[in-house]
Structure formats: structure tokens, C-alpha cells
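Structure data follow from query-v6.cif (mmCIF, C-alpha atoms):
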data_model
loop_
_atom_site.label_atom_id
_atom_site.label_comp_id
_atom_site.auth_asym_id
_atom_site.auth_seq_id
_atom_site.Cartn_x
_atom_site.Cartn_y
_atom_site.Cartn_z
CA MET A 1 109.87 175.03 104.95
CA LYS A 2 112.84 174.86 107.27
CA LEU A 3 114.54 178.04 108.38
CA HIS A 4 118.29 177.76 108.93
CA LEU A 5 119.15 180.72 111.08
CA SER A 6 121.96 181.00 113.57
CA TRP A 7 121.72 183.21 116.64
CA PRO A 8 124.61 185.49 115.60
CA VAL A 9 122.88 186.23 112.29
CA LEU A 10 119.57 186.87 114.03
CA LEU A 11 121.23 189.20 116.54
CA ALA A 12 123.11 190.99 113.77
CA ILE A 13 119.89 191.61 111.83
CA ALA A 14 118.13 192.85 114.94
CA ALA A 15 121.07 195.14 115.70
CA ALA A 16 121.01 196.49 112.15
CA VAL A 17 117.33 197.37 112.38
CA VAL A 18 117.76 198.93 115.82
CA ALA A 19 120.82 200.82 114.60
CA SER A 20 118.77 202.32 111.80
CA TRP A 21 116.58 203.97 114.44
CA ALA A 22 119.42 205.03 116.71
CA VAL A 23 119.50 208.79 117.09
CA GLU A 24 120.44 210.89 120.05
CA VAL A 25 116.92 211.57 121.26
CA ASP A 26 118.16 213.91 123.97
CA ASP A 27 119.65 216.21 121.38
CA CYS A 28 116.54 216.76 119.29
CA ASP A 29 112.84 217.27 119.37
CA ALA A 30 111.22 213.92 120.23
CA ALA A 31 107.95 214.77 118.46
CA SER A 32 109.78 215.63 115.24
CA LEU A 33 111.87 212.48 115.59
CA TRP A 34 108.79 210.27 115.75
CA GLU A 35 107.11 212.09 112.88
CA SER A 36 110.11 211.40 110.69
CA VAL A 37 109.71 207.62 110.95
CA SER A 38 108.46 205.76 107.87
CA VAL A 39 107.48 202.10 107.94
CA GLY A 40 106.38 199.83 105.11
CA ILE A 41 105.76 196.19 104.27
CA GLY A 42 105.60 194.49 100.92
CA GLY A 43 107.11 192.00 98.53
CA GLN A 44 109.94 191.94 96.03
CA GLY A 45 111.97 189.82 93.64
CA VAL A 46 115.72 189.50 94.21
CA TRP A 47 118.49 188.88 91.70
CA VAL A 48 122.01 188.04 92.94
CA ASP A 49 125.29 188.11 91.05
CA GLU A 50 126.53 184.61 90.17
CA GLY A 51 129.72 185.75 88.48
CA GLY A 52 127.94 186.73 85.29
CA ALA A 53 124.51 188.25 84.96
CA PRO A 54 122.54 188.49 88.20
CA ALA A 55 120.26 185.45 88.53
CA PHE A 56 116.82 185.42 90.10
CA ARG A 57 117.14 184.23 93.67
CA ASP A 58 113.72 184.31 95.31
CA ALA A 59 110.57 186.25 96.04
CA GLU A 60 110.75 187.93 99.42
CA ALA A 61 108.38 189.30 102.02
CA ILE A 62 109.88 192.54 103.29
CA GLY A 63 109.61 195.05 106.08
CA ARG A 64 111.30 198.43 105.83
CA ALA A 65 111.76 201.41 108.14
CA SER A 66 113.46 204.75 107.73
CA LEU A 67 114.19 207.74 109.88
CA GLY A 68 114.55 211.10 108.17
CA VAL A 69 117.25 213.15 109.86
CA THR A 70 117.34 215.99 107.36
CA PRO A 71 115.45 216.58 104.06
CA HIS A 72 118.05 214.52 102.19
CA VAL A 73 119.51 212.16 104.80
CA ASN A 74 117.75 209.04 106.07
CA LEU A 75 118.75 206.17 108.29
CA VAL A 76 117.26 203.05 106.75
CA GLY A 77 116.89 199.44 107.78
CA GLY A 78 114.92 196.40 106.81
CA VAL A 79 114.47 192.67 106.96
CA SER A 80 113.28 190.28 104.27
CA TYR A 81 112.38 186.61 104.17
CA GLY A 82 112.88 184.35 101.16
CA VAL A 83 109.46 182.83 100.56
CA ASP A 84 110.71 179.76 98.70
CA LYS A 85 114.27 179.28 99.96
CA SER A 86 113.57 180.18 103.59
CA TYR A 87 116.39 182.57 104.34
CA LEU A 88 116.49 185.84 106.20
CA ARG A 89 118.28 188.97 105.06
CA GLY A 90 118.72 192.27 106.83
CA SER A 91 120.38 195.60 106.28
CA GLY A 92 120.92 198.90 108.02
CA GLY A 93 122.63 202.06 106.87
CA VAL A 94 122.38 205.62 105.67
CA ARG A 95 120.78 206.83 102.47
CA ILE A 96 120.90 210.24 100.78
CA THR A 97 117.73 210.93 98.84
CA ALA A 98 116.73 213.40 96.16
CA THR A 99 113.32 213.93 94.60
CA ASP A 100 112.82 214.36 90.86
CA VAL A 101 111.94 218.00 90.15
CA ASN A 102 109.61 216.82 87.36
CA ASP A 103 107.83 214.24 89.49
CA PRO A 104 107.51 214.71 93.26
CA ASN A 105 106.31 211.11 93.55
CA PHE A 106 109.63 209.76 92.26
CA SER A 107 112.83 209.86 94.27
CA ILE A 108 116.32 208.46 94.11
CA GLY A 109 118.50 207.42 97.02
CA VAL A 110 122.20 206.59 97.27
CA GLY A 111 123.98 205.30 100.32
CA VAL A 112 125.90 202.67 102.19
CA SER A 113 124.44 199.82 104.23
CA ARG A 114 125.69 196.79 106.13
CA HIS A 115 123.98 193.69 104.77
CA TYR A 116 123.47 190.40 106.59
CA VAL A 117 122.11 187.10 105.37
CA SER A 118 121.39 183.73 106.95
CA GLU A 119 122.39 181.71 103.86
CA PRO A 120 125.65 182.63 102.02
CA ASP A 121 124.18 182.25 98.52
CA ALA A 122 121.07 184.26 99.23
CA GLY A 123 122.67 187.70 99.23
CA LEU A 124 125.49 189.86 100.51
CA ASP A 125 127.08 189.63 103.94
CA GLU A 126 129.20 192.78 103.89
CA ALA A 127 129.06 196.56 103.68
CA ALA A 128 127.69 197.66 100.34
CA ALA A 129 127.07 200.78 98.30
CA GLU A 130 123.51 201.06 97.09
CA ALA A 131 121.19 203.03 94.87
CA ALA A 132 117.43 203.01 95.30
CA ILE A 133 114.38 204.35 93.56
CA GLY A 134 110.89 204.77 94.90
CA TRP A 135 107.90 205.75 92.77
CA LYS A 136 104.29 206.35 93.74
CA PRO A 137 102.64 205.82 90.34
CA PHE A 138 99.09 206.47 91.54
CA THR A 139 98.26 209.72 93.29
CA SER A 140 95.20 208.13 94.88
CA SER A 141 97.23 205.29 96.41
CA ARG A 142 100.12 205.13 98.85
CA VAL A 143 101.65 202.11 97.09
CA VAL A 144 105.34 202.60 96.28
CA LEU A 145 107.14 200.73 93.50
CA THR A 146 110.74 200.18 94.52
CA GLY A 147 114.05 199.25 92.94
CA LEU A 148 117.40 198.70 94.61
CA ALA A 149 120.90 198.01 93.32
CA VAL A 150 123.53 196.89 95.84
CA TYR A 151 127.28 196.55 95.15
CA GLY A 152 129.43 194.81 97.77
CA ILE A 153 132.34 197.04 98.75
CA ASP A 154 134.74 194.15 99.46
CA THR A 155 133.66 191.53 96.92
CA GLY A 156 132.06 193.67 94.20
CA ARG A 157 129.12 191.26 94.21
CA ARG A 158 125.92 192.75 92.87
CA MET A 159 122.33 192.34 93.98
CA PHE A 160 119.18 193.86 92.54
CA SER A 161 115.64 193.91 93.82
CA ALA A 162 112.34 195.23 92.53
CA GLY A 163 109.08 195.21 94.39
CA VAL A 164 106.13 196.98 95.90
CA VAL A 165 105.83 198.50 99.37
CA TRP A 166 102.78 199.63 101.28
CA PRO A 167 103.76 202.42 103.67
CA PHE A 168 101.60 202.70 106.74
CA LYS A 169 101.23 205.29 109.40
CA VAL A 170 102.76 204.55 112.76
CA VAL A 171 100.63 205.74 115.65
CA GLY A 172 101.26 209.42 116.16
CA GLY A 173 104.07 209.36 113.67
CA GLY A 174 104.86 209.81 110.02
CA GLN A 175 104.29 207.63 107.00
CA MET B 1 134.05 207.79 105.23
CA THR B 2 132.88 211.23 104.11
CA ILE B 3 129.54 212.18 102.61
CA GLN B 4 131.16 212.47 99.20
CA ASP B 5 132.75 209.01 99.65
CA ILE B 6 129.33 207.50 100.24
CA ILE B 7 127.90 209.23 97.18
CA ASN B 8 130.84 208.31 94.96
CA ARG B 9 130.78 204.65 96.03
CA ALA B 10 127.07 204.50 95.28
CA ALA B 11 127.42 206.01 91.78
CA PRO B 12 128.13 202.64 90.08
CA ALA B 13 125.03 201.22 91.75
CA LEU B 14 123.06 204.19 90.37
CA ILE B 15 124.30 203.45 86.85
CA GLY B 16 123.64 199.73 87.33
CA LEU B 17 120.09 200.44 88.43
CA ALA B 18 119.53 202.63 85.35
CA ALA B 19 120.86 199.80 83.16
CA GLU B 20 118.49 197.29 84.76
CA LEU B 21 115.59 199.71 84.23
CA GLU B 22 116.51 200.07 80.57
CA ALA B 23 116.77 196.28 80.25
CA ALA B 24 113.23 196.06 81.60
CA ILE B 25 112.10 198.70 79.08
CA ALA B 26 113.72 196.70 76.25
CA LYS B 27 111.91 193.57 77.43
CA TYR B 28 108.57 195.30 77.92
CA PRO B 29 108.40 198.18 75.38
CA ASP B 30 104.87 199.05 76.47
CA LEU B 31 106.32 200.38 79.72
CA ALA B 32 108.75 202.72 77.98
CA GLY B 33 106.47 205.75 78.32
CA SER B 34 106.41 205.40 82.10
CA LEU B 35 109.88 204.04 82.81
CA GLN B 36 112.14 205.86 80.34
CA PRO B 37 111.85 209.22 82.19
CA LYS B 38 112.81 207.40 85.41
CA ALA B 39 115.85 205.79 83.76
CA ASP B 40 116.85 209.19 82.36
CA ALA B 41 116.50 210.75 85.82
CA LEU B 42 118.74 208.02 87.26
CA LYS B 43 121.41 208.64 84.65
CA ALA B 44 121.20 212.39 85.24
CA ALA B 45 121.61 211.83 88.98
CA ALA B 46 124.76 209.76 88.33
CA ASP B 47 126.43 212.75 86.68
CA PRO B 48 129.50 213.72 88.76
CA LEU B 49 128.40 217.37 88.96
CA ALA B 50 124.93 216.40 90.18
CA LEU B 51 126.47 214.08 92.79
CA ALA B 52 128.83 216.82 93.97
CA GLN B 53 125.89 219.23 94.33
CA LEU B 54 123.96 216.62 96.30
CA GLY B 55 126.97 216.11 98.56
CA SER B 56 127.21 219.83 99.18
CA THR B 57 123.50 220.06 100.00
CA VAL B 58 123.72 217.16 102.43
CA LEU B 59 126.79 218.65 104.12
CA ASN B 60 124.90 221.90 104.67
CA GLU B 61 121.93 220.02 106.10
CA LEU B 62 124.10 218.01 108.49
CA THR B 63 125.91 221.14 109.60
CA GLN B 64 122.57 222.78 110.30
CA PHE B 65 121.36 219.67 112.15
CA ALA B 66 124.53 219.54 114.26
CA ARG B 67 124.20 223.23 115.12
CA THR B 68 120.49 223.32 115.97
CA GLY B 69 119.73 219.71 116.91
CA THR B 70 116.41 220.13 115.12
CA LEU B 71 115.09 217.59 112.65
CA ASP B 72 113.60 218.71 109.36
CA PRO B 73 112.41 215.43 107.87
CA ARG B 74 110.83 214.81 104.48
CA SER B 75 108.93 211.79 103.28
CA SER B 76 110.72 210.28 100.31
CA PRO B 77 109.52 207.20 98.40
CA SER B 78 113.05 205.84 97.98
CA ASN B 79 113.47 205.69 101.76
CA LEU B 80 111.56 202.43 101.73
CA ALA B 81 113.14 200.89 98.66
#
Will you turn the file into C-alpha cells for me?
Amino acid sequence: MKLHLSWPVLLAIAAAVVASWAVEVDDCDAASLWESVSVGIGGQGVWVDEGGAPAFRDAEAIGRASLGVTPHVNLVGGVSYGVDKSYLRGSGGVRITATDVNDPNFSIGVGVSRHYVSEPDAGLDEAAAEAAIGWKPFTSSRVVLTGLAVYGIDTGRRMFSAGVVWPFKVVGGGQ
Amino acid sequence: MTIQDIINRAAPALIGLAAELEAAIAKYPDLAGSLQPKADALKAAADPLALAQLGSTVLNELTQFARTGTLDPRSSPSNLA
């Protein structure tokens, strides 16, 4: 597999991930800040708008991170790699989350993120509104089933993903 | 862009995600018992009143955060979606 990735795209993705962690550390409790970090890795399928119904694009390996600022506000960022088509996508933004009162293991998030992609056809390269779900179906497992819908603010292009994420505990931090 | 702007812009994505979930239920009826409540919750969350309440809650939290500088984080499965 050959990865076509320009330096500006790589830098933009790195900046997006770093930006998702950027909080004024001096203005808040550092221990609480670290404990509010969540990290996860996993895999997902991606469907991208082709003018009609979204078409399956690729299976992706993903890495996600979030920083909870308040009970309902999170800074989120992630990178994903197209396993078959060898592209790299990244995003960083803010997400407002709410947990289902009937199921504490199911939550919904809405927000806005800046999306980047190394190949134009592989996804969105613009700011986008998004809605996300996360569901821990098994109480004995940390595995999270995820779903994400992304709508490009400028183009109106749509992208959907569904996958599974394994959250893991960062040393001394949250999960 | 205000908090309510973000929520309002994301509402179509919320409805789109519910539609995709219902399409999956139609394709795999055996999953309806597990997934239909989730699709219903998504549609309920997309209600304008529910979104306005969420916006109000978030505004209060951010005001509190700005005033105290203290984090009050919660782990939420959709953070990592």
C-alpha cells in the first residue's frame, strides 16, 4: 500500500489533535484536567456522500481522544487510516454530550469539528456539524459501539461511520 | 458561533443518524429490540425543545467553568464516537 500524504495535511491533522487537548492548564486543576482525558482505539466502516446515497468508502483503523471540560462539553479529536485505500483522515472540535436517562451506557453527542483528509474523495475537508452515539452494550466490557453522522457546513456533503472502540486508561488519568 | 448555533447546526446530523439507525433495523430486524430504543432516543434528542434545554444546560456549565476554573468532567461513551 502506498500512502499519499502531503506535509500540510499531516501538520493540519497533528494540529487538530493537539488543538483538541488545548486547555488553559494554568486556569484549572491539573489533576482534574488529566483525569478528564479519554483515549480509545478501534475500527470502523465509513460511508461518504457521492451525490446520492452515501457509499461505502473503506474500513478504517481509528484513534480517538476527548477532554471533558464540563459534564456536557468535550473537546474531541481523532485520526483514522483507510485500511484498503491508504488515506489519512483527522478531525478536531467540540462536542456536547447527553446521556440517555433510561440507559446510562448510551449517550448522544452533537457538535462541530474541523475535518481533514489526505485524499479528496475519502472524506470531508471542511468544518462540519456532527452527531454521535456511543453505546456500551455489555456491562462487563468497556467496548463502545459508535456511530457518527457528519454534515459539511460549506458543501452539505454527508459522511457516516459505525464502528467499535476500546477505551483504555491513560496512566494516572481517566478512561 | 454560539452554543445554540452549534446545537442547531448539528440537529440535521442527529436526524440523519437516526435515519441510518432505522435503515439498519429495517435491514436486520433481529436487532430491532436493541436498536429501536436508541433510534427513538436520537429522535427525541433532535426535538427543538430538548435541544434548547441542552443548550441552556451547557451555557450554565460553561458559565460555572469560567467563574471557578474548575473542571467537572464526566465519562461519556459518545465522546469517543
Each side padded by 8 Å, which centre and which edge lengths in Å (one decimal) define the axis-aligned box around the listed atoms of range 140-152 of chain A? Give them as JSON.
{"center_x": 112.3, "center_y": 201.5, "center_z": 95.9, "size_x": 50.2, "size_y": 29.3, "size_z": 21.9}
Handout entry: Option closest in space to Gly78 in chain A, from A:Thr97, A:Ser107, A:Ser113, A:Asn102 [counting all atoms listed in the file]
Key = A:Ser113
Practice task
Just the residues within 7 Å of Arg142 in chain A, please, counting only C-alpha atoms, with nothing from its chain fewer than 3 positions along; format it as a list in words.
Solution key: Lys136, Trp166 and Pro167 of chain A
For chain B against chain A, with a cut-off of 6 Å and counting all atoms listed in the file, what is the closest atom pair and its distance in Å to one decimal for every residue that makes the cut, ordered by chain and number, as JSON lines?
{"residue": "B:Ile6", "atom": "CA", "partner": "A:Gly111", "partner_atom": "CA", "distance": 5.8}
{"residue": "B:Arg9", "atom": "CA", "partner": "A:Ala129", "partner_atom": "CA", "distance": 5.8}
{"residue": "B:Ala10", "atom": "CA", "partner": "A:Ala129", "partner_atom": "CA", "distance": 4.8}
{"residue": "B:Ala13", "atom": "CA", "partner": "A:Ala131", "partner_atom": "CA", "distance": 5.3}
{"residue": "B:Leu14", "atom": "CA", "partner": "A:Ala131", "partner_atom": "CA", "distance": 5.0}
{"residue": "B:Leu17", "atom": "CA", "partner": "A:Ala149", "partner_atom": "CA", "distance": 5.5}
{"residue": "B:Gly69", "atom": "CA", "partner": "A:Cys28", "partner_atom": "CA", "distance": 5.0}
{"residue": "B:Thr70", "atom": "CA", "partner": "A:Cys28", "partner_atom": "CA", "distance": 5.4}
{"residue": "B:Leu71", "atom": "CA", "partner": "A:Val69", "partner_atom": "CA", "distance": 5.7}
{"residue": "B:Asp72", "atom": "CA", "partner": "A:Thr70", "partner_atom": "CA", "distance": 5.0}
{"residue": "B:Pro73", "atom": "CA", "partner": "A:Gly68", "partner_atom": "CA", "distance": 4.8}
{"residue": "B:Arg74", "atom": "CA", "partner": "A:Pro71", "partner_atom": "CA", "distance": 5.0}
{"residue": "B:Pro77", "atom": "CA", "partner": "A:Gly134", "partner_atom": "CA", "distance": 4.5}
{"residue": "B:Ser78", "atom": "CA", "partner": "A:Gly134", "partner_atom": "CA", "distance": 3.9}
{"residue": "B:Leu80", "atom": "CA", "partner": "A:Arg64", "partner_atom": "CA", "distance": 5.7}
{"residue": "B:Ala81", "atom": "CA", "partner": "A:Thr146", "partner_atom": "CA", "distance": 4.8}
Problem - Distance criterion (all atoms listed in the file): nearest to Ala45 in chain B out of B:Thr2, B:Asn79, B:Thr63, B:Asn8 - result: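 Of all the options, B:Asn8 lies closest to Ala45 in chain B.
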Exercise for the section: Report the distance between CA of Lys85 in chain A and CA of Ile25 in chain B in Å, rounded to one decimal place. Expected result: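 If I compute the distance from CA of Lys85 in chain A to CA of Ile25 in chain B, I get 28.6 Å.
Once the PyMOL selection byres ((chain A and resi 61) around 7) is applied to the shown structure, the selection contains Gly42, Gly43, Gln44, Glu60, Ile62, Ser80, Tyr81, Gly82 and Val83 of chain A.
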Exercise for the section: Please identify all polymer residues within 7 Å of Lys43 in chain B, counting all atoms listed in the file, omitting same-chain residues fewer than 4 positions from it, and present them as an NGL selection string. Expected result: :B and (15 or 18 or 39 or 47)
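If you look at CA of Tyr87 in chain A and CA of Ala127 in chain A, they are 18.9 Å away from each other.
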Arg89 in chain A environment, 6 Å, all atoms listed in the file, sequence neighbours closer than 3 positions dropped, as a PDB file with C-alpha atoms, in the coordinates of the input:
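The result, written out as around.pdb:
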ATOM      1  CA  VAL A  79     114.470 192.670 106.960  1.00  0.00           C
ATOM      2  CA  SER A  80     113.280 190.280 104.270  1.00  0.00           C
ATOM      3  CA  TYR A 116     123.470 190.400 106.590  1.00  0.00           C
ATOM      4  CA  VAL A 117     122.110 187.100 105.370  1.00  0.00           C
TER       5      VAL A 117
END
Practice task
May I ask for the distance between CA of Gly156 in chain A and CA of Thr57 in chain B, given in Å to one decimal place?
Solution key: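 It comes out at 28.3 Å.
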Exercise for the section: Tell me which of A:Phe168, A:Ala53, A:Asp84, A:Ser91 sits closest to Gly123 in chain A, counting all atoms listed in the file. Expected result: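 The shortest atom-to-atom distance to Gly123 in chain A comes from A:Ser91.
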Problem - Contacts of Pro48 in chain B within 10 Å, only C-alpha atoms, excl. fewer than 4 positions in-chain, as an MDAnalysis selection string - result: chainID B and resid 7:8 11 44 52:54
